[in-house]
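Peer 1: I am sharing final26.csv, which consists of CSV, C-alpha atoms and all ligand atoms:
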chain,number,residue,atom,x,y,z
A,219,MET,CA,0.0,0.0,0.0
A,220,ILE,CA,1.5,3.3,-1.1
A,221,ILE,CA,0.3,6.4,0.9
A,222,ASP,CA,0.5,9.4,-1.4
A,223,LEU,CA,0.4,12.7,0.4
A,224,ARG,CA,2.1,14.7,-2.4
A,225,SER,CA,-1.1,16.3,-3.7
A,226,ASP,CA,-4.8,16.0,-3.7
A,227,THR,CA,-4.5,15.5,-7.5
A,228,VAL,CA,-3.4,11.9,-7.1
A,229,THR,CA,-6.9,10.5,-6.6
A,230,LYS,CA,-8.4,7.9,-8.9
A,231,PRO,CA,-12.1,7.9,-9.8
A,232,THR,CA,-14.3,5.9,-7.5
A,233,LYS,CA,-16.3,3.0,-8.8
A,234,GLU,CA,-19.5,5.1,-8.8
A,235,MET,CA,-17.7,7.9,-10.6
A,236,LEU,CA,-16.4,5.5,-13.2
A,237,GLU,CA,-19.9,4.2,-13.8
A,238,VAL,CA,-21.3,7.6,-14.5
A,239,MET,CA,-18.4,8.3,-16.8
A,240,MET,CA,-18.9,5.1,-18.8
A,241,SER,CA,-22.6,5.8,-19.4
A,242,ALA,CA,-22.2,9.5,-20.2
A,243,ASN,CA,-24.1,10.9,-23.1
A,244,VAL,CA,-21.5,12.7,-25.3
A,245,GLY,CA,-21.0,14.7,-28.5
A,246,ASP,CA,-18.4,17.0,-30.1
A,247,ASP,CA,-18.0,19.9,-27.6
A,248,VAL,CA,-16.1,22.1,-30.1
A,249,PHE,CA,-19.4,22.1,-32.0
A,250,SER,CA,-21.2,22.7,-28.6
A,251,GLU,CA,-22.9,19.4,-29.0
A,252,ASP,CA,-21.8,17.5,-25.9
A,253,PRO,CA,-24.9,17.5,-23.5
A,254,THR,CA,-22.9,16.4,-20.5
A,255,VAL,CA,-20.3,19.2,-20.9
A,256,MET,CA,-23.1,21.7,-21.3
A,257,ALA,CA,-24.9,20.2,-18.2
A,258,LEU,CA,-21.6,20.6,-16.1
A,259,GLU,CA,-21.2,24.2,-17.4
A,260,GLU,CA,-24.7,25.1,-16.5
A,261,LYS,CA,-24.5,23.4,-13.1
A,262,SER,CA,-21.2,25.2,-12.2
A,263,ALA,CA,-22.5,28.6,-13.4
A,264,ALA,CA,-25.7,28.2,-11.3
A,265,LEU,CA,-23.7,27.1,-8.3
A,266,PHE,CA,-21.8,30.4,-8.2
A,267,GLY,CA,-24.8,32.5,-9.3
A,268,MET,CA,-23.1,33.5,-12.5
A,269,GLN,CA,-24.4,33.3,-16.1
A,270,SER,CA,-22.0,30.9,-17.9
A,271,ALA,CA,-19.1,28.5,-17.5
A,272,LEU,CA,-16.5,26.9,-19.7
A,273,PHE,CA,-15.0,23.4,-19.2
A,274,CYS,CA,-11.2,23.3,-19.7
A,275,PRO,CA,-8.5,20.7,-19.3
A,276,SER,CA,-6.7,22.3,-16.4
A,277,GLY,CA,-6.8,25.1,-13.8
A,278,THR,CA,-3.7,26.6,-15.3
A,279,MET,CA,-5.7,27.0,-18.5
A,280,THR,CA,-8.8,28.5,-16.8
A,281,ASN,CA,-6.6,31.0,-15.0
A,282,GLN,CA,-4.5,31.9,-18.0
A,283,ILE,CA,-7.6,32.4,-20.2
A,284,ALA,CA,-9.1,34.6,-17.5
A,285,ILE,CA,-6.0,36.8,-17.4
A,286,LYS,CA,-5.9,37.0,-21.2
A,287,CYS,CA,-9.6,38.0,-21.2
A,288,HIS,CA,-9.3,40.7,-18.6
A,289,THR,CA,-6.1,42.4,-19.8
A,290,GLN,CA,-4.2,44.0,-22.7
A,291,PRO,CA,-0.5,43.4,-23.4
A,292,GLY,CA,1.6,45.8,-21.3
A,293,ASP,CA,-0.9,45.8,-18.4
A,294,GLU,CA,-0.1,44.9,-14.8
A,295,LEU,CA,-2.1,42.6,-12.5
A,296,ILE,CA,-1.9,42.6,-8.7
A,297,CYS,CA,-1.5,39.2,-6.9
A,298,ASP,CA,0.1,37.8,-3.8
A,299,VAL,CA,3.8,36.7,-4.0
A,300,ASN,CA,2.8,33.1,-3.2
A,301,SER,CA,0.1,32.9,-5.8
A,302,HIS,CA,-0.1,29.9,-8.2
A,303,ILE,CA,-0.6,32.1,-11.2
A,304,TYR,CA,2.8,33.7,-10.6
A,305,ASN,CA,4.8,30.7,-9.2
A,306,TYR,CA,3.4,27.6,-10.9
A,307,GLU,CA,2.0,28.4,-14.3
A,308,GLY,CA,5.3,28.5,-16.3
A,309,GLY,CA,5.5,32.3,-16.6
A,310,GLY,CA,2.2,32.2,-18.4
A,311,ILE,CA,1.2,35.7,-17.3
A,312,SER,CA,3.8,37.2,-19.5
A,313,PHE,CA,4.0,34.4,-22.1
A,314,ASN,CA,0.3,34.3,-22.9
A,315,SER,CA,-0.9,37.8,-22.1
A,316,GLY,CA,2.2,40.0,-22.2
A,317,VAL,CA,1.2,41.2,-18.7
A,318,GLN,CA,3.5,41.8,-15.7
A,319,ALA,CA,2.7,41.0,-12.1
A,320,LYS,CA,2.9,43.4,-9.1
A,321,LEU,CA,3.6,41.1,-6.2
A,322,VAL,CA,2.2,41.8,-2.8
A,323,ALA,CA,3.5,40.2,0.4
A,324,GLY,CA,0.2,39.3,2.0
A,325,ASN,CA,-0.8,37.5,5.2
A,326,ARG,CA,-0.3,33.8,4.3
A,327,GLY,CA,-1.2,34.4,0.7
A,328,ARG,CA,-4.1,36.7,1.4
A,329,ILE,CA,-4.0,40.4,0.4
A,330,THR,CA,-6.3,43.2,1.5
A,331,ALA,CA,-8.3,46.1,-0.1
A,332,ASP,CA,-5.5,48.4,1.2
A,333,ASP,CA,-2.9,46.3,-0.6
A,334,VAL,CA,-4.9,46.7,-3.8
A,335,GLU,CA,-5.3,50.4,-3.4
A,336,ASN,CA,-1.5,50.9,-2.6
A,337,ASN,CA,-0.4,48.9,-5.6
A,338,ILE,CA,-2.5,50.5,-8.4
A,339,ASN,CA,-0.4,52.5,-10.8
A,340,GLY,CA,-1.5,56.1,-11.6
A,341,GLY,CA,-2.2,57.2,-15.1
A,342,TYR,CA,1.3,58.3,-16.1
A,343,ASP,CA,2.6,57.2,-19.6
A,344,TRP,CA,5.6,55.5,-18.1
A,345,LEU,CA,3.6,53.2,-15.7
A,346,ALA,CA,2.0,49.9,-16.7
A,347,LYS,CA,-1.7,50.1,-16.6
A,348,THR,CA,-3.2,48.2,-13.6
A,349,SER,CA,-6.2,46.3,-14.9
A,350,LEU,CA,-6.7,43.1,-12.9
A,351,VAL,CA,-6.5,41.7,-9.4
A,352,CYS,CA,-6.1,37.9,-8.9
A,353,LEU,CA,-6.9,36.2,-5.5
A,354,GLU,CA,-6.4,32.6,-4.5
A,355,ASN,CA,-8.7,30.8,-2.1
A,356,THR,CA,-7.6,28.6,-0.5
A,357,VAL,CA,-3.9,29.5,-0.9
A,358,ASN,CA,-1.8,26.5,-1.8
A,359,ARG,CA,1.7,27.8,-0.9
A,360,ALA,CA,0.4,29.3,2.4
A,361,GLY,CA,-0.9,26.0,3.7
A,362,GLY,CA,-4.5,26.1,2.5
A,363,SER,CA,-5.4,29.4,4.2
A,364,CYS,CA,-8.8,30.9,3.5
A,365,TYR,CA,-10.2,34.4,3.0
A,366,ASP,CA,-13.0,35.8,5.2
A,367,LEU,CA,-16.0,36.9,3.2
A,368,GLY,CA,-15.8,40.4,4.5
A,369,ASP,CA,-12.3,40.8,3.3
A,370,LEU,CA,-13.3,39.6,-0.2
A,371,ALA,CA,-16.2,42.1,-0.2
A,372,ALA,CA,-13.8,44.9,0.7
A,373,ILE,CA,-11.5,44.0,-2.2
A,374,LYS,CA,-14.5,43.7,-4.6
A,375,ASN,CA,-15.6,47.2,-3.6
A,376,LYS,CA,-12.1,48.6,-4.1
A,377,CYS,CA,-11.9,46.9,-7.5
A,378,ARG,CA,-15.3,48.3,-8.6
A,379,GLU,CA,-14.3,51.8,-7.5
A,380,GLN,CA,-11.0,51.6,-9.3
A,381,LYS,CA,-12.4,49.9,-12.4
A,382,LEU,CA,-10.3,46.8,-12.0
A,383,ALA,CA,-11.4,43.3,-12.9
A,384,LEU,CA,-11.3,40.7,-10.1
A,385,HIS,CA,-10.5,37.0,-10.7
A,386,LEU,CA,-10.5,34.1,-8.3
A,387,ASP,CA,-8.2,31.2,-8.6
A,388,GLY,CA,-10.5,28.9,-6.7
A,389,ALA,CA,-8.7,25.6,-7.4
A,390,ARG,CA,-9.6,24.7,-3.8
A,391,ILE,CA,-12.6,27.0,-3.3
A,392,PHE,CA,-14.8,24.1,-2.0
A,393,ASN,CA,-12.3,23.5,0.8
A,394,ALA,CA,-12.7,27.2,1.8
A,395,VAL,CA,-16.5,26.9,1.4
A,396,VAL,CA,-16.6,23.9,3.7
A,397,ARG,CA,-14.2,25.4,6.2
A,398,LYS,CA,-15.6,29.0,6.3
A,399,GLY,CA,-19.3,28.2,5.9
A,400,TYR,CA,-20.0,30.8,3.2
A,401,SER,CA,-21.9,29.7,0.1
A,402,THR,CA,-20.6,29.4,-3.5
A,403,ILE,CA,-23.2,32.1,-4.5
A,404,GLU,CA,-21.6,34.5,-1.9
A,405,ILE,CA,-18.2,33.7,-3.5
A,406,GLY,CA,-19.6,34.2,-7.0
A,407,ASN,CA,-21.0,37.6,-6.0
A,408,GLN,CA,-17.5,39.0,-5.2
A,409,PHE,CA,-15.8,38.2,-8.5
A,410,ASP,CA,-15.9,38.9,-12.2
A,411,SER,CA,-14.5,35.4,-12.9
A,412,VAL,CA,-13.9,32.3,-10.9
A,413,SER,CA,-11.8,29.3,-11.7
A,414,ILE,CA,-12.6,26.0,-10.0
A,415,CYS,CA,-10.8,22.6,-10.2
A,416,LEU,CA,-12.5,19.2,-10.2
A,417,SER,CA,-9.2,17.3,-10.1
A,418,LYS,CA,-8.1,18.4,-6.7
A,419,GLY,CA,-10.1,17.5,-3.5
A,420,LEU,CA,-13.2,16.7,-5.5
A,421,GLY,CA,-11.5,13.6,-6.9
A,422,ALA,CA,-12.4,13.9,-10.6
A,423,PRO,CA,-9.6,12.7,-12.9
A,424,VAL,CA,-9.4,15.9,-15.1
A,425,GLY,CA,-10.9,19.3,-15.5
A,426,SER,CA,-11.5,22.8,-14.4
A,427,LEU,CA,-14.2,25.4,-15.1
A,428,LEU,CA,-14.0,29.1,-15.7
A,429,ILE,CA,-17.1,30.9,-14.6
A,430,GLY,CA,-18.3,34.4,-15.4
A,431,ASN,CA,-20.9,36.4,-17.3
A,432,ALA,CA,-22.1,35.4,-20.7
A,433,GLU,CA,-20.0,37.9,-22.7
A,434,PHE,CA,-16.8,37.0,-20.7
A,435,ILE,CA,-17.4,33.3,-21.3
A,436,ARG,CA,-18.0,33.8,-25.1
A,437,LYS,CA,-14.6,35.5,-25.3
A,438,ALA,CA,-13.0,32.8,-23.1
A,439,ARG,CA,-14.5,30.1,-25.3
A,440,ARG,CA,-12.7,31.5,-28.3
A,441,LEU,CA,-9.4,31.8,-26.3
A,442,ARG,CA,-9.8,28.2,-25.1
A,443,LYS,CA,-9.6,27.1,-28.8
A,444,VAL,CA,-6.6,29.4,-29.4
A,445,PHE,CA,-4.9,27.9,-26.3
A,446,GLY,CA,-5.5,24.4,-27.7
A,447,GLY,CA,-8.1,23.4,-25.1
A,448,GLY,CA,-11.1,22.7,-27.2
A,449,MET,CA,-12.0,19.1,-26.5
A,450,ARG,CA,-14.3,16.8,-28.4
A,451,GLN,CA,-16.2,14.0,-26.6
A,452,ALA,CA,-15.3,15.6,-23.2
A,453,GLY,CA,-18.6,14.5,-21.7
A,454,PHE,CA,-16.9,11.4,-20.3
A,455,LEU,CA,-14.8,13.8,-18.1
A,456,ALA,CA,-17.6,16.2,-17.5
A,457,ALA,CA,-19.7,13.3,-16.1
A,458,ALA,CA,-17.0,12.8,-13.5
A,459,GLY,CA,-17.2,16.5,-12.6
A,460,ILE,CA,-20.9,16.5,-12.2
A,461,TYR,CA,-20.6,13.4,-9.9
A,462,ALA,CA,-17.9,15.1,-7.9
A,463,LEU,CA,-19.9,18.3,-7.4
A,464,ASP,CA,-22.9,16.2,-6.2
A,465,HIS,CA,-21.0,13.8,-4.0
A,466,HIS,CA,-17.6,15.0,-3.0
A,467,VAL,CA,-18.0,18.5,-1.6
A,468,ALA,CA,-19.3,17.9,1.9
A,469,ARG,CA,-16.8,15.1,2.6
A,470,LEU,CA,-13.9,17.6,2.3
A,471,LYS,CA,-14.4,18.1,6.0
A,472,ASP,CA,-12.9,14.6,6.5
A,473,ASP,CA,-9.8,15.7,4.7
A,474,HIS,CA,-9.6,18.8,6.9
A,475,ASP,CA,-9.9,16.7,10.0
A,476,LYS,CA,-7.2,14.3,8.9
A,477,ALA,CA,-4.9,17.2,8.1
A,478,THR,CA,-5.5,18.8,11.5
A,479,ILE,CA,-4.6,15.5,13.1
A,480,LEU,CA,-1.4,15.3,11.1
A,481,GLY,CA,-0.5,18.9,12.0
A,482,GLU,CA,-1.0,18.2,15.7
A,483,GLU,CA,1.1,15.1,15.5
A,484,LEU,CA,3.9,16.9,13.7
A,485,LYS,CA,4.0,19.6,16.3
A,486,ARG,CA,5.0,17.0,18.9
A,487,LEU,CA,7.9,15.5,16.9
A,488,PRO,CA,11.5,16.5,17.8
A,489,TYR,CA,12.6,16.8,14.1
A,490,VAL,CA,9.8,19.2,13.2
A,491,LYS,CA,10.8,22.9,13.7
A,492,SER,CA,7.4,24.5,13.0
A,493,VAL,CA,4.1,23.7,11.4
A,494,MET,CA,2.0,26.3,9.5
A,495,PRO,CA,-1.5,26.7,10.8
A,496,VAL,CA,-3.7,23.9,9.3
A,497,ASP,CA,-6.8,25.5,7.9
A,498,THR,CA,-8.0,23.0,5.3
A,499,ASN,CA,-6.3,20.0,3.7
A,500,ILE,CA,-2.7,21.2,3.4
A,501,VAL,CA,0.0,20.7,6.0
A,502,ILE,CA,3.2,22.6,5.5
A,503,PHE,CA,6.0,22.1,8.0
A,504,ASP,CA,9.7,22.9,8.4
A,505,LEU,CA,12.3,20.3,9.5
A,506,THR,CA,15.2,20.8,12.0
A,507,GLU,CA,18.7,20.1,10.8
A,508,LYS,CA,18.2,16.4,11.4
A,509,TYR,CA,16.6,16.1,7.9
A,510,THR,CA,16.8,18.0,4.7
A,511,ALA,CA,13.5,18.0,2.8
A,512,ALA,CA,15.0,15.6,0.2
A,513,GLY,CA,16.3,13.3,3.0
A,514,PHE,CA,12.9,13.3,4.7
A,515,GLU,CA,11.2,12.5,1.5
A,516,GLU,CA,13.5,9.5,1.1
A,517,ALA,CA,13.0,8.3,4.6
A,518,LEU,CA,9.2,8.4,4.3
A,519,LYS,CA,9.4,6.7,0.9
A,520,SER,CA,11.2,3.7,2.5
A,521,PHE,CA,8.0,3.3,4.5
A,522,GLY,CA,5.8,3.6,1.5
A,523,ILE,CA,4.7,7.2,2.1
A,524,ARG,CA,5.1,9.9,-0.5
A,525,ALA,CA,5.4,13.6,0.4
A,526,ALA,CA,6.4,16.7,-1.5
A,527,ALA,CA,9.5,18.7,-0.7
A,528,PHE,CA,8.4,22.4,-0.7
A,529,GLY,CA,11.7,24.0,-0.1
A,530,LYS,CA,15.1,23.0,1.3
A,531,GLN,CA,13.7,22.2,4.8
A,532,THR,CA,10.0,22.3,4.0
A,533,ILE,CA,7.6,19.5,3.4
A,534,ARG,CA,4.0,19.6,2.2
A,535,PHE,CA,1.3,16.9,2.9
A,536,VAL,CA,-2.1,17.2,1.2
A,537,THR,CA,-5.0,15.0,2.4
A,538,HIS,CA,-7.6,13.8,-0.1
A,539,LEU,CA,-10.3,11.3,-1.0
A,540,ASP,CA,-7.9,8.3,-1.4
A,541,PHE,CA,-6.2,9.0,2.0
A,542,THR,CA,-8.1,6.7,4.3
A,543,SER,CA,-8.3,6.5,8.1
A,544,ALA,CA,-6.1,3.4,8.1
A,545,MET,CA,-3.5,5.4,6.1
A,546,LEU,CA,-3.7,8.2,8.6
A,547,ASN,CA,-3.0,5.8,11.4
A,548,GLN,CA,-0.1,4.2,9.5
A,549,THR,CA,1.3,7.7,8.6
A,550,VAL,CA,1.2,8.8,12.3
A,551,GLU,CA,3.0,5.5,13.3
A,552,VAL,CA,5.7,6.1,10.7
A,553,LEU,CA,6.2,9.7,11.7
A,554,ARG,CA,6.8,8.7,15.3
A,555,LYS,CA,9.4,6.2,14.2
A,556,LEU,CA,11.5,8.6,12.1
A,601,LIG,C1,-3.6,23.0,-8.9
A,601,LIG,C2,-3.8,24.5,-8.9
A,601,LIG,C3,-4.2,25.2,-10.0
A,601,LIG,C4,-4.3,24.5,-11.4
A,601,LIG,O1,-3.5,23.5,-11.6
A,601,LIG,P1,-3.7,22.5,-12.9
A,601,LIG,O2,-2.7,21.4,-12.5
A,601,LIG,O3,-3.2,23.3,-14.1
A,601,LIG,O4,-5.1,22.0,-13.0
A,601,LIG,C5,-4.4,26.5,-10.0
A,601,LIG,N1,-4.3,27.2,-8.8
A,601,LIG,C6,-4.0,26.6,-7.6
A,601,LIG,C7,-3.9,27.3,-6.4
A,601,LIG,C8,-3.7,25.2,-7.6
A,601,LIG,O5,-3.4,24.6,-6.5
How would this structure read if it were set down as structure tokens?
Peer 2:
Amino acid sequence: MIIDLRSDTVTKPTKEMLEVMMSANVGDDVFSEDPTVMALEEKSAALFGMQSALFCPSGTMTNQIAIKCHTQPGDELICDVNSHIYNYEGGGISFNSGVQAKLVAGNRGRITADDVENNINGGYDWLAKTSLVCLENTVNRAGGSCYDLGDLAAIKNKCREQKLALHLDGARIFNAVVRKGYSTIEIGNQFDSVSICLSKGLGAPVGSLLIGNAEFIRKARRLRKVFGGGMRQAGFLAAAGIYALDHHVARLKDDHDKATILGEELKRLPYVKSVMPVDTNIVIFDLTEKYTAAGFEEALKSFGIRAAAFGKQTIRFVTHLDFTSAMLNQTVEVLRKL
């Protein structure tokens, strides 16, 4: 038995999910003829109280299409220094959109309305035009931290006032929804566009959605084709997404509970220097000099446990649908032995 805590992307479809995939009604989605993709898009848009949605192969693509839609080359966007769009999308902000990023050092990946205000460029010819703010919720690199709704609303109001577009990288938005108790509609109300991932905690094999108003999604649909993301009988994948939205959201609390237990356990271990607060399903911790991150990874691997080095002395665990209670017990046992 391999215990894989590298990411919540490692899950395999459940038997029930595979069954709905096998029996999906499909068509050519580039011709807008796949009923299951259309059903997933309608369901996702409704969930966030928005007009339209677009099914894409990855969260990187939904984010990158959103940035392209909201900006012109030479513009600047504002985001936190830890954000996925800046760190983990291959330089796509500049590559795809010719846009530069103004990085803000927020509080565990979260920025404020004041941060937005203080980082907007004035109208001088020599300054890049600020046109977009991108937030992440939960924040991956900051240990799955979540925004409070009031802070999001303050940022929204600032963006409206300053005529800036506001995009959410909500790869793990359902973890935030389950943790914070706000609704997806309340989240949708704060943003011009929202990206959600089905392939993280929700346990679908592939897919993300970009959600926004009808005009925005029409533009995004054209860009999806340009980016090479127009898929044909994608209904087999969309069926997994519909199943995941119906059955795998509430259970995210189990992942959070398991992550909390791991975090508490780690705090007691002599070779752990510090543990970031555990807010959702991500546990990030620093090791003492006893281990390097690479050495710790190897040590865990010899016991059949996989983890991700997240820096020289830093390790990340992510809990998920395929991380069972038995695996949790086994992991705790191994951690105590190391
Ligand atoms: C995983 C992730 C994405 C998208 O990743 P893909 O692998 O391209 O689907 C975007 N943002 C965050 C915060 C993520 O964790």
Peer 1: Find the residues around Tyr306 of chain A up to 12 Å (only C-alpha atoms counted), leave out those fewer than 3 positions away in its own chain, and share them as a ChimeraX atom specification.
Peer 2: /A:277-279,281-282,299-303,309-311,358-359
Peer 1: Just want the 9 Å neighbourhood of Thr348 of chain A, counted on all atoms listed in the file, with same-chain residues fewer than 4 positions away dropped. Output as a list in words.
Peer 2: Thr289, Asp293, Glu294, Leu295, Ile296, Lys320, Asn337, Ile338, Asn339, Gly340 and Leu382 of chain A
Peer 1: Kindly indicate which residue among A:Arg390, A:Arg326, A:His466, A:Lys233 lies nearest to ligand LIG 601 (chain A), using all atoms listed in the file for the distances.
Peer 2: A:Arg390
Peer 1: Please identify all polymer residues within 6 Å of segment 263-275 of chain A, counting all atoms listed in the file, omitting same-chain residues fewer than 4 positions from it, and present them as a count of residues only.
Peer 2: 12
Peer 1: Hey, can you check how far atom CA of Leu455 of chain A sits from atom CA of Met239 of chain A?
Peer 2: 6.7 Å
Peer 1: May I have the residues within 9 Å of segment 473-489 of chain A as a short mmCIF file (atom, residue, chain, number, x, y, z; two decimals) with C-alpha atoms, in the coordinates of the input, using only C-alpha atoms and disregarding those fewer than 3 positions away in the same chain?
Peer 2:
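Result saved to out-v6.cif:
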data_model
loop_
_atom_site.label_atom_id
_atom_site.label_comp_id
_atom_site.auth_asym_id
_atom_site.auth_seq_id
_atom_site.Cartn_x
_atom_site.Cartn_y
_atom_site.Cartn_z
CA ASN A 393 -12.30 23.50 0.80
CA ARG A 397 -14.20 25.40 6.20
CA GLY A 419 -10.10 17.50 -3.50
CA ARG A 469 -16.80 15.10 2.60
CA LEU A 470 -13.90 17.60 2.30
CA SER A 492 7.40 24.50 13.00
CA VAL A 493 4.10 23.70 11.40
CA MET A 494 2.00 26.30 9.50
CA PRO A 495 -1.50 26.70 10.80
CA VAL A 496 -3.70 23.90 9.30
CA ASP A 497 -6.80 25.50 7.90
CA THR A 498 -8.00 23.00 5.30
CA ASN A 499 -6.30 20.00 3.70
CA ILE A 500 -2.70 21.20 3.40
CA VAL A 501 0.00 20.70 6.00
CA ILE A 502 3.20 22.60 5.50
CA PHE A 503 6.00 22.10 8.00
CA ASP A 504 9.70 22.90 8.40
CA LEU A 505 12.30 20.30 9.50
CA THR A 506 15.20 20.80 12.00
CA GLU A 507 18.70 20.10 10.80
CA LYS A 508 18.20 16.40 11.40
CA TYR A 509 16.60 16.10 7.90
CA PHE A 535 1.30 16.90 2.90
CA VAL A 536 -2.10 17.20 1.20
CA THR A 537 -5.00 15.00 2.40
CA HIS A 538 -7.60 13.80 -0.10
CA LEU A 539 -10.30 11.30 -1.00
CA PHE A 541 -6.20 9.00 2.00
CA THR A 542 -8.10 6.70 4.30
CA SER A 543 -8.30 6.50 8.10
CA LEU A 546 -3.70 8.20 8.60
CA THR A 549 1.30 7.70 8.60
CA VAL A 550 1.20 8.80 12.30
CA LEU A 553 6.20 9.70 11.70
CA ARG A 554 6.80 8.70 15.30
CA LEU A 556 11.50 8.60 12.10
#
Peer 1: Give me, as a PDB file with C-alpha atoms, keeping the file's coordinate frame, all polymer residues having an atom no more than 12 Å from Gly459 of chain A, counting only C-alpha atoms and skipping those fewer than 4 positions away in the same chain.
Peer 2:
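Contents of result12.pdb, freshly written:
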ATOM      1  CA  PRO A 231     -12.100   7.900  -9.800  1.00  0.00           C
ATOM      2  CA  MET A 235     -17.700   7.900 -10.600  1.00  0.00           C
ATOM      3  CA  LEU A 236     -16.400   5.500 -13.200  1.00  0.00           C
ATOM      4  CA  VAL A 238     -21.300   7.600 -14.500  1.00  0.00           C
ATOM      5  CA  MET A 239     -18.400   8.300 -16.800  1.00  0.00           C
ATOM      6  CA  ALA A 242     -22.200   9.500 -20.200  1.00  0.00           C
ATOM      7  CA  THR A 254     -22.900  16.400 -20.500  1.00  0.00           C
ATOM      8  CA  VAL A 255     -20.300  19.200 -20.900  1.00  0.00           C
ATOM      9  CA  MET A 256     -23.100  21.700 -21.300  1.00  0.00           C
ATOM     10  CA  ALA A 257     -24.900  20.200 -18.200  1.00  0.00           C
ATOM     11  CA  LEU A 258     -21.600  20.600 -16.100  1.00  0.00           C
ATOM     12  CA  GLU A 259     -21.200  24.200 -17.400  1.00  0.00           C
ATOM     13  CA  LYS A 261     -24.500  23.400 -13.100  1.00  0.00           C
ATOM     14  CA  SER A 262     -21.200  25.200 -12.200  1.00  0.00           C
ATOM     15  CA  PHE A 273     -15.000  23.400 -19.200  1.00  0.00           C
ATOM     16  CA  CYS A 274     -11.200  23.300 -19.700  1.00  0.00           C
ATOM     17  CA  PRO A 275      -8.500  20.700 -19.300  1.00  0.00           C
ATOM     18  CA  ILE A 414     -12.600  26.000 -10.000  1.00  0.00           C
ATOM     19  CA  CYS A 415     -10.800  22.600 -10.200  1.00  0.00           C
ATOM     20  CA  LEU A 416     -12.500  19.200 -10.200  1.00  0.00           C
ATOM     21  CA  SER A 417      -9.200  17.300 -10.100  1.00  0.00           C
ATOM     22  CA  LYS A 418      -8.100  18.400  -6.700  1.00  0.00           C
ATOM     23  CA  GLY A 419     -10.100  17.500  -3.500  1.00  0.00           C
ATOM     24  CA  LEU A 420     -13.200  16.700  -5.500  1.00  0.00           C
ATOM     25  CA  GLY A 421     -11.500  13.600  -6.900  1.00  0.00           C
ATOM     26  CA  ALA A 422     -12.400  13.900 -10.600  1.00  0.00           C
ATOM     27  CA  PRO A 423      -9.600  12.700 -12.900  1.00  0.00           C
ATOM     28  CA  VAL A 424      -9.400  15.900 -15.100  1.00  0.00           C
ATOM     29  CA  GLY A 425     -10.900  19.300 -15.500  1.00  0.00           C
ATOM     30  CA  SER A 426     -11.500  22.800 -14.400  1.00  0.00           C
ATOM     31  CA  LEU A 427     -14.200  25.400 -15.100  1.00  0.00           C
ATOM     32  CA  ALA A 452     -15.300  15.600 -23.200  1.00  0.00           C
ATOM     33  CA  GLY A 453     -18.600  14.500 -21.700  1.00  0.00           C
ATOM     34  CA  PHE A 454     -16.900  11.400 -20.300  1.00  0.00           C
ATOM     35  CA  LEU A 455     -14.800  13.800 -18.100  1.00  0.00           C
ATOM     36  CA  LEU A 463     -19.900  18.300  -7.400  1.00  0.00           C
ATOM     37  CA  ASP A 464     -22.900  16.200  -6.200  1.00  0.00           C
ATOM     38  CA  HIS A 465     -21.000  13.800  -4.000  1.00  0.00           C
ATOM     39  CA  HIS A 466     -17.600  15.000  -3.000  1.00  0.00           C
ATOM     40  CA  VAL A 467     -18.000  18.500  -1.600  1.00  0.00           C
TER      41      VAL A 467
END
Peer 1: Could you jot down the atom CA of Asp247 of chain A to atom C6 of ligand LIG 601 (chain A) separation for me, Å, one decimal place?
Peer 2: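 Atom C6 of ligand LIG 601 (chain A) lies 25.3 Å from atom CA of Asp247 of chain A.
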Peer 1: Could you tell me which of A:Ser276, A:Ser413, A:Asn314, A:Gln408 comes closest to ligand LIG 601 (chain A) if we count only C-alpha atoms and all ligand atoms?
Peer 2: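 For ligand LIG 601 (chain A), the nearest of the given residues is A:Ser276.
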Peer 1: Pick out the closest residue to ligand LIG 601 (chain A) from this set: A:Lys230, A:Arg440, A:Arg378, A:His385. Count only C-alpha atoms and all ligand atoms.
Peer 2: A:His385
Peer 1: Would you work out the distance separating atom N1 of ligand LIG 601 (chain A) from atom CA of Asp387 of chain A, expressed in Å to one decimal?
Peer 2: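 Between these atoms lies a distance of 5.6 Å.
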Peer 1: Identify which of the residues A:Val395, A:Ala389, A:Met545, A:Leu353 lies closest to ligand LIG 601 (chain A), counting only C-alpha atoms and all ligand atoms when measuring atom-to-atom distances.
Peer 2: A:Ala389
Peer 1: Identify which of the residues A:Phe514, A:Tyr304, A:Phe409, A:Phe528 lies closest to ligand LIG 601 (chain A), counting all atoms listed in the file when measuring atom-to-atom distances.
Peer 2: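 Counting all atoms listed in the file, the residue closest to ligand LIG 601 (chain A) is A:Tyr304.
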Peer 1: Taking only C-alpha atoms and all ligand atoms into account, name the residue in A:Glu260, A:Asp298, A:Glu251, A:Glu234 that is nearest to ligand LIG 601 (chain A).
Peer 2: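 Among A:Glu260, A:Asp298, A:Glu251, A:Glu234, it is A:Asp298 that comes nearest to ligand LIG 601 (chain A).
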Peer 1: Find the residues with any atom within 8 Å of (0.5, 13.5, 1.9); use all atoms listed in the file and the coordinates as given in the file, and write the answer as a list in words.
Peer 2: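 Using all atoms listed in the file, the matching residues come out as Ile221, Asp222, Leu223, Arg224, Ser225, Ile523, Arg524, Ala525, Ala526, Arg534, Phe535, Val536 and Thr537 of chain A.
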